[in-house]
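Undergrad: Please find structure_3.pdb (PDB, C-alpha atoms and all ligand atoms) on the next line:
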ATOM      1  CA  MET Q   1     -16.736 -48.034  14.764
ATOM      2  CA  ALA Q   2     -12.984 -48.322  14.945
ATOM      3  CA  GLU Q   3     -11.330 -45.703  17.122
ATOM      4  CA  VAL Q   4      -9.138 -43.507  14.938
ATOM      5  CA  ALA Q   5      -6.124 -41.667  16.332
ATOM      6  CA  ILE Q   6      -4.724 -39.011  14.016
ATOM      7  CA  VAL Q   7      -1.189 -38.353  15.198
ATOM      8  CA  ALA Q   8       1.624 -36.012  14.155
ATOM      9  CA  ASP Q   9       3.993 -38.666  12.861
ATOM     10  CA  ALA Q  10       5.184 -42.259  12.985
ATOM     11  CA  ASP Q  11       7.107 -41.633  16.200
ATOM     12  CA  GLU Q  12       3.993 -40.533  18.062
ATOM     13  CA  ALA Q  13       2.158 -43.561  16.678
ATOM     14  CA  GLY Q  14       4.985 -45.786  17.884
ATOM     15  CA  GLU Q  15       4.700 -44.394  21.400
ATOM     16  CA  LEU Q  16       0.951 -45.042  21.437
ATOM     17  CA  VAL Q  17       1.395 -48.631  20.308
ATOM     18  CA  ALA Q  18       4.231 -49.211  22.766
ATOM     19  CA  GLU Q  19       2.061 -47.882  25.600
ATOM     20  CA  SER Q  20      -0.789 -50.275  24.690
ATOM     21  CA  ILE Q  21       1.586 -53.218  24.634
ATOM     22  CA  VAL Q  22       3.350 -52.271  27.861
ATOM     23  CA  SER Q  23       0.039 -51.911  29.676
ATOM     24  CA  LEU Q  24      -1.084 -55.348  28.454
ATOM     25  CA  LEU Q  25       2.245 -56.821  29.545
ATOM     26  CA  ARG Q  26       1.671 -55.666  33.112
ATOM     27  CA  SER Q  27      -1.182 -58.130  33.513
ATOM     28  CA  LYS Q  28      -0.035 -60.745  30.988
ATOM     29  CA  PRO Q  29       3.719 -61.402  30.817
ATOM     30  CA  ASP Q  30       3.133 -64.172  28.264
ATOM     31  CA  LEU Q  31       1.266 -61.799  25.954
ATOM     32  CA  VAL Q  32       0.698 -63.017  22.380
ATOM     33  CA  LEU Q  33       1.606 -60.356  19.839
ATOM     34  CA  GLY Q  34       0.649 -60.392  16.164
ATOM     35  CA  LEU Q  35       3.622 -58.978  14.288
ATOM     36  CA  ALA Q  36       3.609 -57.113  10.990
ATOM     37  CA  THR Q  37       6.637 -56.543   8.763
ATOM     38  CA  GLY Q  38       7.229 -53.652   6.347
ATOM     39  CA  SER Q  39       8.273 -50.082   7.112
ATOM     40  CA  THR Q  40       5.127 -49.005   8.939
ATOM     41  CA  PRO Q  41       5.490 -50.846  12.280
ATOM     42  CA  LEU Q  42       9.177 -49.983  12.725
ATOM     43  CA  SER Q  43       8.538 -46.917  14.906
ATOM     44  CA  SER Q  44       6.355 -49.078  17.161
ATOM     45  CA  TYR Q  45       9.082 -51.685  17.565
ATOM     46  CA  ARG Q  46      11.614 -48.926  18.230
ATOM     47  CA  ALA Q  47       9.443 -47.286  20.880
ATOM     48  CA  LEU Q  48       8.668 -50.637  22.474
ATOM     49  CA  ALA Q  49      12.344 -51.630  22.583
ATOM     50  CA  HIS Q  50      13.081 -48.313  24.282
ATOM     51  CA  ARG Q  51      10.390 -48.856  26.932
ATOM     52  CA  ILE Q  52      11.510 -52.443  27.568
ATOM     53  CA  ARG Q  53      15.111 -51.365  28.067
ATOM     54  CA  HIS Q  54      14.443 -48.307  30.211
ATOM     55  CA  GLU Q  55      11.744 -49.834  32.366
ATOM     56  CA  ARG Q  56      13.484 -53.222  32.553
ATOM     57  CA  ILE Q  57      10.322 -55.033  31.459
ATOM     58  CA  ASP Q  58      10.625 -58.799  31.416
ATOM     59  CA  VAL Q  59       9.578 -59.975  27.940
ATOM     60  CA  ARG Q  60      11.066 -63.467  28.033
ATOM     61  CA  GLY Q  61       7.570 -64.980  28.089
ATOM     62  CA  VAL Q  62       6.128 -62.913  25.235
ATOM     63  CA  ARG Q  63       4.983 -64.953  22.276
ATOM     64  CA  GLY Q  64       4.634 -63.701  18.717
ATOM     65  CA  PHE Q  65       3.084 -64.678  15.397
ATOM     66  CA  ALA Q  66       4.073 -62.937  12.186
ATOM     67  CA  LEU Q  67       1.357 -62.187   9.675
ATOM     68  CA  ASP Q  68       3.000 -63.578   6.591
ATOM     69  CA  GLU Q  69       6.012 -64.933   4.736
ATOM     70  CA  TYR Q  70       7.213 -65.190   1.168
ATOM     71  CA  VAL Q  71       7.029 -68.595  -0.448
ATOM     72  CA  GLY Q  72      10.169 -70.233  -1.754
ATOM     73  CA  LEU Q  73      12.933 -67.921  -0.516
ATOM     74  CA  PRO Q  74      15.980 -69.912   0.568
ATOM     75  CA  ALA Q  75      16.324 -70.410   4.351
ATOM     76  CA  GLY Q  76      18.183 -67.490   5.866
ATOM     77  CA  HIS Q  77      17.480 -65.125   2.933
ATOM     78  CA  PRO Q  78      17.823 -61.625   4.452
ATOM     79  CA  GLN Q  79      14.408 -60.564   3.081
ATOM     80  CA  SER Q  80      12.519 -63.615   4.283
ATOM     81  CA  TYR Q  81      10.138 -62.435   6.971
ATOM     82  CA  ARG Q  82      11.712 -65.001   9.293
ATOM     83  CA  SER Q  83      14.955 -62.990   8.979
ATOM     84  CA  VAL Q  84      13.202 -59.618   9.086
ATOM     85  CA  ILE Q  85      11.272 -60.511  12.248
ATOM     86  CA  SER Q  86      14.483 -61.735  13.931
ATOM     87  CA  ARG Q  87      16.361 -58.577  12.974
ATOM     88  CA  GLU Q  88      13.664 -55.969  13.576
ATOM     89  CA  VAL Q  89      11.626 -57.471  16.392
ATOM     90  CA  VAL Q  90      13.099 -60.453  18.253
ATOM     91  CA  GLU Q  91      16.633 -59.080  18.687
ATOM     92  CA  PRO Q  92      15.902 -55.423  19.523
ATOM     93  CA  LEU Q  93      13.051 -56.339  21.893
ATOM     94  CA  GLY Q  94      14.967 -59.195  23.466
ATOM     95  CA  LEU Q  95      12.180 -61.721  22.841
ATOM     96  CA  THR Q  96      12.759 -65.452  23.191
ATOM     97  CA  PRO Q  97      13.404 -66.625  19.592
ATOM     98  CA  ASP Q  98      11.635 -69.971  20.020
ATOM     99  CA  LEU Q  99       8.429 -68.229  21.113
ATOM    100  CA  VAL Q 100       8.124 -66.183  17.922
ATOM    101  CA  ARG Q 101       6.719 -67.936  14.874
ATOM    102  CA  VAL Q 102       6.547 -67.008  11.218
ATOM    103  CA  PRO Q 103       4.494 -68.947   8.641
ATOM    104  CA  ASN Q 104       6.639 -71.527   6.906
ATOM    105  CA  GLY Q 105       7.110 -70.640   3.237
ATOM    106  CA  ASP Q 106       9.202 -73.719   2.427
ATOM    107  CA  LEU Q 107       7.852 -75.196  -0.816
ATOM    108  CA  ARG Q 108       8.358 -78.772   0.393
ATOM    109  CA  THR Q 109       5.993 -78.467   3.340
ATOM    110  CA  LEU Q 110       3.641 -75.791   2.030
ATOM    111  CA  ARG Q 111       0.563 -77.988   1.866
ATOM    112  CA  MET Q 112       0.316 -78.303   5.651
ATOM    113  CA  ALA Q 113       1.854 -74.957   6.588
ATOM    114  CA  GLY Q 114      -1.427 -73.029   6.838
ATOM    115  CA  SER Q 115      -3.249 -75.476   9.088
ATOM    116  CA  GLU Q 116      -0.144 -75.922  11.267
ATOM    117  CA  TYR Q 117       0.084 -72.171  11.747
ATOM    118  CA  GLU Q 118      -3.586 -71.895  12.654
ATOM    119  CA  ALA Q 119      -3.149 -74.703  15.185
ATOM    120  CA  ALA Q 120      -0.140 -72.956  16.730
ATOM    121  CA  ILE Q 121      -2.062 -69.697  17.137
ATOM    122  CA  SER Q 122      -4.967 -71.554  18.756
ATOM    123  CA  ALA Q 123      -2.633 -73.477  21.056
ATOM    124  CA  ALA Q 124      -1.174 -70.162  22.232
ATOM    125  CA  GLY Q 125      -4.684 -69.017  23.164
ATOM    126  CA  GLY Q 126      -5.011 -66.579  20.256
ATOM    127  CA  VAL Q 127      -3.398 -63.243  19.531
ATOM    128  CA  ASP Q 128      -3.919 -60.496  22.134
ATOM    129  CA  LEU Q 129      -2.827 -57.525  20.057
ATOM    130  CA  GLN Q 130      -2.322 -57.636  16.304
ATOM    131  CA  ILE Q 131      -0.233 -54.918  14.657
ATOM    132  CA  LEU Q 132      -1.267 -54.308  11.050
ATOM    133  CA  GLY Q 133       0.020 -52.214   8.172
ATOM    134  CA  ILE Q 134      -1.951 -51.747   4.981
ATOM    135  CA  GLY Q 135      -0.797 -51.938   1.381
ATOM    136  CA  ARG Q 136      -1.696 -49.463  -1.340
ATOM    137  CA  SER Q 137      -3.757 -52.328  -2.741
ATOM    138  CA  GLY Q 138      -5.735 -52.343   0.513
ATOM    139  CA  HIS Q 139      -4.220 -55.604   1.685
ATOM    140  CA  ILE Q 140      -3.793 -56.490   5.355
ATOM    141  CA  GLY Q 141      -1.268 -59.220   5.902
ATOM    142  CA  PHE Q 142      -0.813 -60.316   2.316
ATOM    143  CA  ASN Q 143      -4.567 -60.688   1.792
ATOM    144  CA  GLU Q 144      -4.872 -59.048  -1.592
ATOM    145  CA  PRO Q 145      -8.200 -57.763  -2.978
ATOM    146  CA  GLY Q 146     -10.643 -60.612  -3.413
ATOM    147  CA  SER Q 147      -9.494 -62.463  -0.299
ATOM    148  CA  SER Q 148     -12.369 -64.073   1.556
ATOM    149  CA  LEU Q 149     -13.279 -62.222   4.711
ATOM    150  CA  ALA Q 150     -13.405 -65.642   6.401
ATOM    151  CA  SER Q 151     -10.035 -66.857   5.061
ATOM    152  CA  LEU Q 152      -7.486 -68.627   7.250
ATOM    153  CA  THR Q 153      -3.716 -68.956   6.797
ATOM    154  CA  ARG Q 154      -2.980 -70.058   3.241
ATOM    155  CA  VAL Q 155      -0.959 -69.402   0.095
ATOM    156  CA  LYS Q 156      -1.781 -66.315  -1.974
ATOM    157  CA  THR Q 157      -0.475 -64.733  -5.161
ATOM    158  CA  LEU Q 158       0.923 -61.239  -4.661
ATOM    159  CA  THR Q 159      -0.413 -58.407  -6.825
ATOM    160  CA  GLU Q 160       1.950 -56.591  -9.143
ATOM    161  CA  SER Q 161       1.536 -53.428  -7.032
ATOM    162  CA  THR Q 162       2.641 -55.270  -3.874
ATOM    163  CA  ARG Q 163       5.589 -56.860  -5.674
ATOM    164  CA  SER Q 164       6.711 -53.495  -7.013
ATOM    165  CA  ASP Q 165       6.253 -51.817  -3.595
ATOM    166  CA  ASN Q 166       8.397 -54.529  -2.021
ATOM    167  CA  ALA Q 167      11.033 -54.531  -4.769
ATOM    168  CA  ARG Q 168      12.898 -51.869  -2.763
ATOM    169  CA  PHE Q 169      14.002 -54.618  -0.396
ATOM    170  CA  PHE Q 170      15.415 -56.802  -3.193
ATOM    171  CA  ASP Q 171      18.048 -56.273  -5.896
ATOM    172  CA  SER Q 172      15.390 -56.334  -8.621
ATOM    173  CA  LEU Q 173      11.654 -56.800  -9.141
ATOM    174  CA  ASP Q 174      12.317 -60.254 -10.603
ATOM    175  CA  GLU Q 175      13.634 -61.430  -7.242
ATOM    176  CA  VAL Q 176      10.410 -60.600  -5.387
ATOM    177  CA  PRO Q 177       8.532 -63.865  -4.911
ATOM    178  CA  MET Q 178       5.176 -64.261  -6.674
ATOM    179  CA  HIS Q 179       3.597 -66.102  -3.770
ATOM    180  CA  CYS Q 180       3.272 -65.767  -0.047
ATOM    181  CA  ILE Q 181       1.695 -67.554   2.873
ATOM    182  CA  THR Q 182      -0.413 -65.237   4.983
ATOM    183  CA  GLN Q 183      -2.749 -65.300   7.932
ATOM    184  CA  GLY Q 184      -6.232 -64.986   6.488
ATOM    185  CA  ILE Q 185      -8.642 -62.179   7.180
ATOM    186  CA  GLY Q 186     -10.606 -64.576   9.358
ATOM    187  CA  THR Q 187      -7.413 -65.335  11.298
ATOM    188  CA  ILE Q 188      -6.682 -61.645  11.797
ATOM    189  CA  LEU Q 189     -10.238 -60.971  12.972
ATOM    190  CA  ARG Q 190      -9.812 -63.510  15.788
ATOM    191  CA  ALA Q 191      -7.164 -61.355  17.483
ATOM    192  CA  ARG Q 192      -8.526 -59.569  20.527
ATOM    193  CA  HIS Q 193      -7.340 -56.082  19.540
ATOM    194  CA  LEU Q 194      -6.345 -54.872  16.072
ATOM    195  CA  VAL Q 195      -4.033 -51.887  15.687
ATOM    196  CA  LEU Q 196      -3.875 -50.692  12.090
ATOM    197  CA  LEU Q 197      -1.102 -48.217  11.296
ATOM    198  CA  ALA Q 198      -0.554 -46.120   8.168
ATOM    199  CA  PHE Q 199       1.567 -43.111   7.309
ATOM    200  CA  GLY Q 200       1.828 -40.944   4.211
ATOM    201  CA  GLU Q 201      -0.383 -39.868   1.383
ATOM    202  CA  ALA Q 202       0.140 -43.080  -0.576
ATOM    203  CA  LYS Q 203      -1.948 -44.873   2.084
ATOM    204  CA  ALA Q 204      -4.807 -42.333   2.240
ATOM    205  CA  ARG Q 205      -7.057 -44.114  -0.228
ATOM    206  CA  ALA Q 206      -6.582 -47.527   1.393
ATOM    207  CA  ILE Q 207      -7.256 -46.056   4.850
ATOM    208  CA  ALA Q 208     -10.444 -44.298   3.730
ATOM    209  CA  ALA Q 209     -11.667 -47.530   2.152
ATOM    210  CA  ALA Q 210     -10.764 -49.525   5.271
ATOM    211  CA  VAL Q 211     -12.385 -47.185   7.787
ATOM    212  CA  GLU Q 212     -15.309 -45.739   5.839
ATOM    213  CA  GLY Q 213     -15.798 -47.784   2.694
ATOM    214  CA  PRO Q 214     -18.264 -50.611   2.293
ATOM    215  CA  VAL Q 215     -17.103 -53.868   3.844
ATOM    216  CA  SER Q 216     -15.865 -55.791   0.855
ATOM    217  CA  ALA Q 217     -13.389 -58.484  -0.085
ATOM    218  CA  SER Q 218     -12.261 -56.035  -2.770
ATOM    219  CA  GLN Q 219     -10.886 -53.848   0.040
ATOM    220  CA  PRO Q 220      -9.443 -56.321   2.543
ATOM    221  CA  GLY Q 221      -8.671 -53.558   5.056
ATOM    222  CA  SER Q 222     -12.412 -52.876   5.374
ATOM    223  CA  ALA Q 223     -12.663 -56.133   7.352
ATOM    224  CA  ILE Q 224     -11.560 -54.127  10.403
ATOM    225  CA  GLN Q 225     -15.138 -52.811  10.520
ATOM    226  CA  LEU Q 226     -16.234 -56.309  11.511
ATOM    227  CA  HIS Q 227     -13.991 -56.289  14.570
ATOM    228  CA  PRO Q 228     -15.276 -54.976  17.907
ATOM    229  CA  HIS Q 229     -11.929 -53.528  19.008
ATOM    230  CA  THR Q 230      -9.815 -51.851  16.361
ATOM    231  CA  THR Q 231      -7.566 -48.841  16.794
ATOM    232  CA  VAL Q 232      -6.468 -47.085  13.604
ATOM    233  CA  VAL Q 233      -3.389 -44.898  14.057
ATOM    234  CA  VAL Q 234      -2.609 -42.620  11.120
ATOM    235  CA  ASP Q 235      -0.723 -39.420  10.386
ATOM    236  CA  GLU Q 236      -2.427 -36.410   8.788
ATOM    237  CA  ALA Q 237      -1.452 -37.477   5.269
ATOM    238  CA  ALA Q 238      -2.863 -40.993   5.614
ATOM    239  CA  ALA Q 239      -6.003 -39.490   7.230
ATOM    240  CA  SER Q 240      -6.474 -36.915   4.479
ATOM    241  CA  LEU Q 241      -9.311 -38.724   2.672
ATOM    242  CA  LEU Q 242     -11.326 -39.600   5.780
ATOM    243  CA  ALA Q 243     -14.757 -37.923   5.565
ATOM    244  CA  HIS Q 244     -15.277 -37.940   9.325
ATOM    245  CA  ALA Q 245     -11.786 -36.959  10.448
ATOM    246  CA  ASP Q 246     -13.118 -34.124  12.602
ATOM    247  CA  TYR Q 247     -15.345 -36.494  14.509
ATOM    248  CA  TYR Q 248     -12.485 -38.984  15.013
ATOM    249  CA  ARG Q 249     -10.277 -36.229  16.431
ATOM    250  CA  TYR Q 250     -13.064 -35.113  18.758
ATOM    251  CA  ALA Q 251     -13.863 -38.676  19.883
ATOM    252  CA  TRP Q 252     -10.183 -39.496  20.446
ATOM    253  CA  ALA Q 253      -9.561 -36.304  22.421
ATOM    254  CA  SER Q 254     -12.611 -36.891  24.623
ATOM    255  CA  ARG Q 255     -12.091 -40.581  25.315
ATOM    256  CA  ALA Q 256     -10.196 -39.792  28.530
ATOM    257  CA  ALA Q 257     -13.568 -38.828  30.030
ATOM    258  CA  LEU Q 258     -14.776 -42.445  29.777
ATOM    259  CA  PRO Q 259     -13.570 -45.644  31.410
ATOM    260  CA  ILE Q 260     -11.227 -47.150  28.808
ATOM    261  CA  GLU Q 261     -13.449 -50.111  27.957
ATOM    262  CA  GLN Q 262     -16.292 -47.718  27.146
ATOM    263  CA  ALA Q 263     -14.325 -45.496  24.797
ATOM    264  CA  GLY Q 264     -14.489 -46.070  21.066
TER     265      GLY Q 264
HETATM  266  P1  LIG N 301       4.717 -50.917   4.416
HETATM  267  O1  LIG N 301       3.843 -52.123   3.921
HETATM  268  O2  LIG N 301       4.568 -50.868   5.896
HETATM  269  O3  LIG N 301       6.131 -51.239   4.016
HETATM  270  O4  LIG N 301       4.187 -49.686   3.756
HETATM  271  C1  LIG N 301       2.554 -52.282   4.456
HETATM  272  C2  LIG N 301       1.884 -53.474   3.812
HETATM  273  O5  LIG N 301       2.186 -53.788   2.663
HETATM  274  O6  LIG N 301       1.049 -54.101   4.483
END
Could you render the structure as C-alpha cells?
Ligand code: PGA
TA:
Amino acid sequence: MAEVAIVADADEAGELVAESIVSLLRSKPDLVLGLATGSTPLSSYRALAHRIRHERIDVRGVRGFALDEYVGLPAGHPQSYRSVISREVVEPLGLTPDLVRVPNGDLRTLRMAGSEYEAAISAAGGVDLQILGIGRSGHIGFNEPGSSLASLTRVKTLTESTRSDNARFFDSLDEVPMHCITQGIGTILRARHLVLLAFGEAKARAIAAAVEGPVSASQPGSAIQLHPHTTVVVDEAAASLLAHADYYRYAWASRAALPIEQAG
C-alpha cells in the first residue's frame, strides 16, 4: 500500500517533500529529481528553496527530469514547461540549468524525442524521487485515461478537461496546445520513490481512484499501486473520499515507531 499523509495544507506538504529531498541529498549530492509542473508542487519547491538557502546546501550536482511538455509551442513561450521549470524550479533552487531536462516538444524532432528522453533518464541512472500531481481526469504526467500502464515517453492528445484546466495559464482556451509529450506510466514507475501530491476538493475523486480504486488504465493515477514506494501527500479536502482515511492517519502517526525502511 502507498503511505498516505493527510496534512493541514499545501505548506505542510511542501515541508514534508523538502525534508525527503534534503535527506536524500545528504547521501547523494547528484540526486536525480523527477519534476512536475502545475500549481500543486509549488509549495514543495518553495520549501525546498528555503531549506537550500538557509542550510547552504550544495545543489550544483542535482539533476532533474520534467514529466512533460506541450507540443508545438514556440521556443521560449512563457507557458512551455521548459520556461516554467526554469522559472519555478531551476532559478529559485539554484540548480545547474544544463543538468535539468524537459521533453522536447519541437514538432521538427518529435519522432525521436521520446526515445531520446528515455535514454537520458537511463544514462542518469534513473530518477530517485519523482514528484507527481494529479489531474481531475486522473492523469499523472500527461498520461490521460486509457494510457498504457507500461507506456514510455511519447506524444499524447490532451483531454478537453485538461485543456480547460490549463487554460488559466494562457490568454484563451484556443491557445492551449492539443498535444503533449509526456513520460509514460512505465517511465514514472521506474523512479525509486513516487511522491503524489494533491490539494482541494476538486482532486478528491482522482485521489480516491488512485489510492483505493482498481488498478486501471482508465485511472492512470491508480498505477501508483504497482509501485513499492509511493508517498501520497494530501490535504483534508483531497482526502475526503478516501474510505480508509482513519487507517492512513493512524499508520502515518505510528510510523515513527518503525525503522524508516519498514514503515508503509
Ligand atoms: P495542478 O495540475 O497541479 O495545476 O492542479 C496537476 C496535473 O494536472 O497533473
Undergrad: So what do you get for atom CA of Q:Ser218 versus atom O5 of ligand LIG 301 (chain N), distance-wise?
TA: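 Spanning atom CA of Q:Ser218 to atom O5 of ligand LIG 301 (chain N) is a straight-line distance of 15.6 Å.
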Undergrad: If you apply the PyMOL selection byres (((not hetatm)) within 10 of (chain N and resi 301)) to this file, what residues do you get, as an mmCIF file with C-alpha atoms, in the frame of the given file?
TA:
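Contents of the output file part_12.cif:
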data_model
loop_
_atom_site.group_PDB
_atom_site.id
_atom_site.type_symbol
_atom_site.label_atom_id
_atom_site.label_comp_id
_atom_site.auth_asym_id
_atom_site.auth_seq_id
_atom_site.Cartn_x
_atom_site.Cartn_y
_atom_site.Cartn_z
ATOM 1 C CA ALA Q 36 3.609 -57.113 10.990
ATOM 2 C CA THR Q 37 6.637 -56.543 8.763
ATOM 3 C CA GLY Q 38 7.229 -53.652 6.347
ATOM 4 C CA SER Q 39 8.273 -50.082 7.112
ATOM 5 C CA THR Q 40 5.127 -49.005 8.939
ATOM 6 C CA PRO Q 41 5.490 -50.846 12.280
ATOM 7 C CA LEU Q 42 9.177 -49.983 12.725
ATOM 8 C CA LEU Q 67 1.357 -62.187 9.675
ATOM 9 C CA ASP Q 68 3.000 -63.578 6.591
ATOM 10 C CA LEU Q 132 -1.267 -54.308 11.050
ATOM 11 C CA GLY Q 133 0.020 -52.214 8.172
ATOM 12 C CA ILE Q 134 -1.951 -51.747 4.981
ATOM 13 C CA GLY Q 135 -0.797 -51.938 1.381
ATOM 14 C CA ARG Q 136 -1.696 -49.463 -1.340
ATOM 15 C CA SER Q 137 -3.757 -52.328 -2.741
ATOM 16 C CA GLY Q 138 -5.735 -52.343 0.513
ATOM 17 C CA HIS Q 139 -4.220 -55.604 1.685
ATOM 18 C CA ILE Q 140 -3.793 -56.490 5.355
ATOM 19 C CA GLY Q 141 -1.268 -59.220 5.902
ATOM 20 C CA PHE Q 142 -0.813 -60.316 2.316
ATOM 21 C CA ASN Q 143 -4.567 -60.688 1.792
ATOM 22 C CA GLU Q 144 -4.872 -59.048 -1.592
ATOM 23 C CA SER Q 161 1.536 -53.428 -7.032
ATOM 24 C CA THR Q 162 2.641 -55.270 -3.874
ATOM 25 C CA ARG Q 163 5.589 -56.860 -5.674
ATOM 26 C CA ASP Q 165 6.253 -51.817 -3.595
ATOM 27 C CA ASN Q 166 8.397 -54.529 -2.021
ATOM 28 C CA ARG Q 168 12.898 -51.869 -2.763
ATOM 29 C CA PHE Q 169 14.002 -54.618 -0.396
ATOM 30 C CA LEU Q 196 -3.875 -50.692 12.090
ATOM 31 C CA LEU Q 197 -1.102 -48.217 11.296
ATOM 32 C CA ALA Q 198 -0.554 -46.120 8.168
ATOM 33 C CA PHE Q 199 1.567 -43.111 7.309
ATOM 34 C CA GLY Q 200 1.828 -40.944 4.211
ATOM 35 C CA ALA Q 202 0.140 -43.080 -0.576
ATOM 36 C CA LYS Q 203 -1.948 -44.873 2.084
ATOM 37 C CA GLY Q 221 -8.671 -53.558 5.056
#
Undergrad: What do you get, as a short mmCIF file (atom, residue, chain, number, x, y, z; two decimals) with C-alpha atoms, in the coordinates of the input, if you spell out every residue that the PyMOL selection byres (((chain Q and resi 49-51) around 9) and not hetatm) selects here?
TA:
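This is the output file out_36.cif:
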data_model
loop_
_atom_site.label_atom_id
_atom_site.label_comp_id
_atom_site.auth_asym_id
_atom_site.auth_seq_id
_atom_site.Cartn_x
_atom_site.Cartn_y
_atom_site.Cartn_z
CA ALA Q 18 4.23 -49.21 22.77
CA GLU Q 19 2.06 -47.88 25.60
CA VAL Q 22 3.35 -52.27 27.86
CA SER Q 44 6.36 -49.08 17.16
CA TYR Q 45 9.08 -51.68 17.57
CA ARG Q 46 11.61 -48.93 18.23
CA ALA Q 47 9.44 -47.29 20.88
CA LEU Q 48 8.67 -50.64 22.47
CA ILE Q 52 11.51 -52.44 27.57
CA ARG Q 53 15.11 -51.36 28.07
CA HIS Q 54 14.44 -48.31 30.21
CA GLU Q 55 11.74 -49.83 32.37
CA ARG Q 56 13.48 -53.22 32.55
CA ILE Q 57 10.32 -55.03 31.46
CA VAL Q 89 11.63 -57.47 16.39
CA PRO Q 92 15.90 -55.42 19.52
CA LEU Q 93 13.05 -56.34 21.89
CA GLY Q 94 14.97 -59.20 23.47
#
Undergrad: Using the chain letters and numbers from the file, give me the residues hit by the PyMOL selection byres (((chain Q and resi 184) around 12) and not hetatm), as an mmCIF file with C-alpha atoms, in the coordinates of the input.
TA:
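selection18.cif, written as the output of this step:
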data_model
loop_
_atom_site.group_PDB
_atom_site.id
_atom_site.type_symbol
_atom_site.label_atom_id
_atom_site.label_comp_id
_atom_site.auth_asym_id
_atom_site.auth_seq_id
_atom_site.Cartn_x
_atom_site.Cartn_y
_atom_site.Cartn_z
ATOM 1 C CA ALA Q 66 4.073 -62.937 12.186
ATOM 2 C CA LEU Q 67 1.357 -62.187 9.675
ATOM 3 C CA ASP Q 68 3.000 -63.578 6.591
ATOM 4 C CA PRO Q 103 4.494 -68.947 8.641
ATOM 5 C CA GLY Q 114 -1.427 -73.029 6.838
ATOM 6 C CA SER Q 115 -3.249 -75.476 9.088
ATOM 7 C CA TYR Q 117 0.084 -72.171 11.747
ATOM 8 C CA GLU Q 118 -3.586 -71.895 12.654
ATOM 9 C CA HIS Q 139 -4.220 -55.604 1.685
ATOM 10 C CA ILE Q 140 -3.793 -56.490 5.355
ATOM 11 C CA GLY Q 141 -1.268 -59.220 5.902
ATOM 12 C CA PHE Q 142 -0.813 -60.316 2.316
ATOM 13 C CA ASN Q 143 -4.567 -60.688 1.792
ATOM 14 C CA GLU Q 144 -4.872 -59.048 -1.592
ATOM 15 C CA GLY Q 146 -10.643 -60.612 -3.413
ATOM 16 C CA SER Q 147 -9.494 -62.463 -0.299
ATOM 17 C CA SER Q 148 -12.369 -64.073 1.556
ATOM 18 C CA LEU Q 149 -13.279 -62.222 4.711
ATOM 19 C CA ALA Q 150 -13.405 -65.642 6.401
ATOM 20 C CA SER Q 151 -10.035 -66.857 5.061
ATOM 21 C CA LEU Q 152 -7.486 -68.627 7.250
ATOM 22 C CA THR Q 153 -3.716 -68.956 6.797
ATOM 23 C CA ARG Q 154 -2.980 -70.058 3.241
ATOM 24 C CA VAL Q 155 -0.959 -69.402 0.095
ATOM 25 C CA LYS Q 156 -1.781 -66.315 -1.974
ATOM 26 C CA CYS Q 180 3.272 -65.767 -0.047
ATOM 27 C CA ILE Q 181 1.695 -67.554 2.873
ATOM 28 C CA THR Q 182 -0.413 -65.237 4.983
ATOM 29 C CA GLN Q 183 -2.749 -65.300 7.932
ATOM 30 C CA ILE Q 185 -8.642 -62.179 7.180
ATOM 31 C CA GLY Q 186 -10.606 -64.576 9.358
ATOM 32 C CA THR Q 187 -7.413 -65.335 11.298
ATOM 33 C CA ILE Q 188 -6.682 -61.645 11.797
ATOM 34 C CA LEU Q 189 -10.238 -60.971 12.972
ATOM 35 C CA ARG Q 190 -9.812 -63.510 15.788
ATOM 36 C CA ALA Q 191 -7.164 -61.355 17.483
ATOM 37 C CA ALA Q 217 -13.389 -58.484 -0.085
ATOM 38 C CA PRO Q 220 -9.443 -56.321 2.543
ATOM 39 C CA GLY Q 221 -8.671 -53.558 5.056
ATOM 40 C CA ALA Q 223 -12.663 -56.133 7.352
#
Undergrad: Within 6 Å of Q:Glu201, counting all atoms listed in the file, which residues qualify if same-chain residues fewer than 3 places away don't, as an NGL selection string?
TA: :Q and (204 or 237-238)
Undergrad: If I take atom CA of Q:Glu175 and atom CA of Q:Leu35, how far is one from the other in Å, to one decimal?
TA: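 Result for atom CA of Q:Glu175 versus atom CA of Q:Leu35: 23.9 Å, one decimal.
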Undergrad: Given all atoms listed in the file as the basis, pick out the residue of Q:Gly72, Q:Pro78, Q:Gly105, Q:Gly34 nearest to Q:Val127.
TA: Q:Gly34
Undergrad: For atom CA of Q:Leu95 and atom CA of Q:Glu3, determine how far apart the two atoms are, in Å to one decimal place.
TA: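 Between atom CA of Q:Leu95 and atom CA of Q:Glu3 the gap works out to 29.0 Å.
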Undergrad: Check the smallest atom-to-atom distance from each of Q:Ala167, Q:Val17, Q:Val32, Q:Ala75 to Q:Ile121 using only C-alpha atoms, then report the winner.
TA: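 The shortest atom-to-atom distance to Q:Ile121 comes from Q:Val32.
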Undergrad: Between Q:Ala120, Q:Ala206, Q:Leu110, Q:Leu33, which one has atoms that come closest to Q:His179, using all atoms listed in the file?
TA: Q:Leu110
Undergrad: Give as a ChimeraX atom specification each residue that has an atom at most 9 Å from (1.1, -64.8, 25.3) in the file, counting all atoms listed in the file.
TA: /Q:28-33,61-64,124-128
Undergrad: I'd like the neighbourhood of Q:Met178 as a VMD selection string, where a residue qualifies if any of its atoms comes within 7 Å (using all atoms listed in the file), though same-chain residues fewer than 2 positions away should be ignored.
TA: chain Q and resid 157 to 158 176
Undergrad: Have a look at Q:Leu194, Q:Ala5, Q:Arg82, Q:Glu212 and name the one nearest to Q:Ala243; count only C-alpha atoms.
TA: Q:Glu212
Undergrad: If I wrap all listed atoms of stretch 62-69 of chain Q in a box with edges along x, y and z and add 6 Å on each side, what are its centre and edge lengths in Å to one decimal, as JSON?
TA:
{"center_x": 3.7, "center_y": -63.6, "center_z": 15.0, "size_x": 16.8, "size_y": 14.8, "size_z": 32.5}
Undergrad: Taking only C-alpha atoms into account, name the residue in Q:Met112, Q:Val4, Q:Leu24, Q:Val195 that is nearest to Q:Ile131.
TA: Q:Val195
Undergrad: Ranking Q:Glu160, Q:Val234, Q:Arg111, Q:Ser222 by minimum distance to Q:Asp174 and counting only C-alpha atoms, which one comes first?
TA: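 Nearest to Q:Asp174: Q:Glu160.
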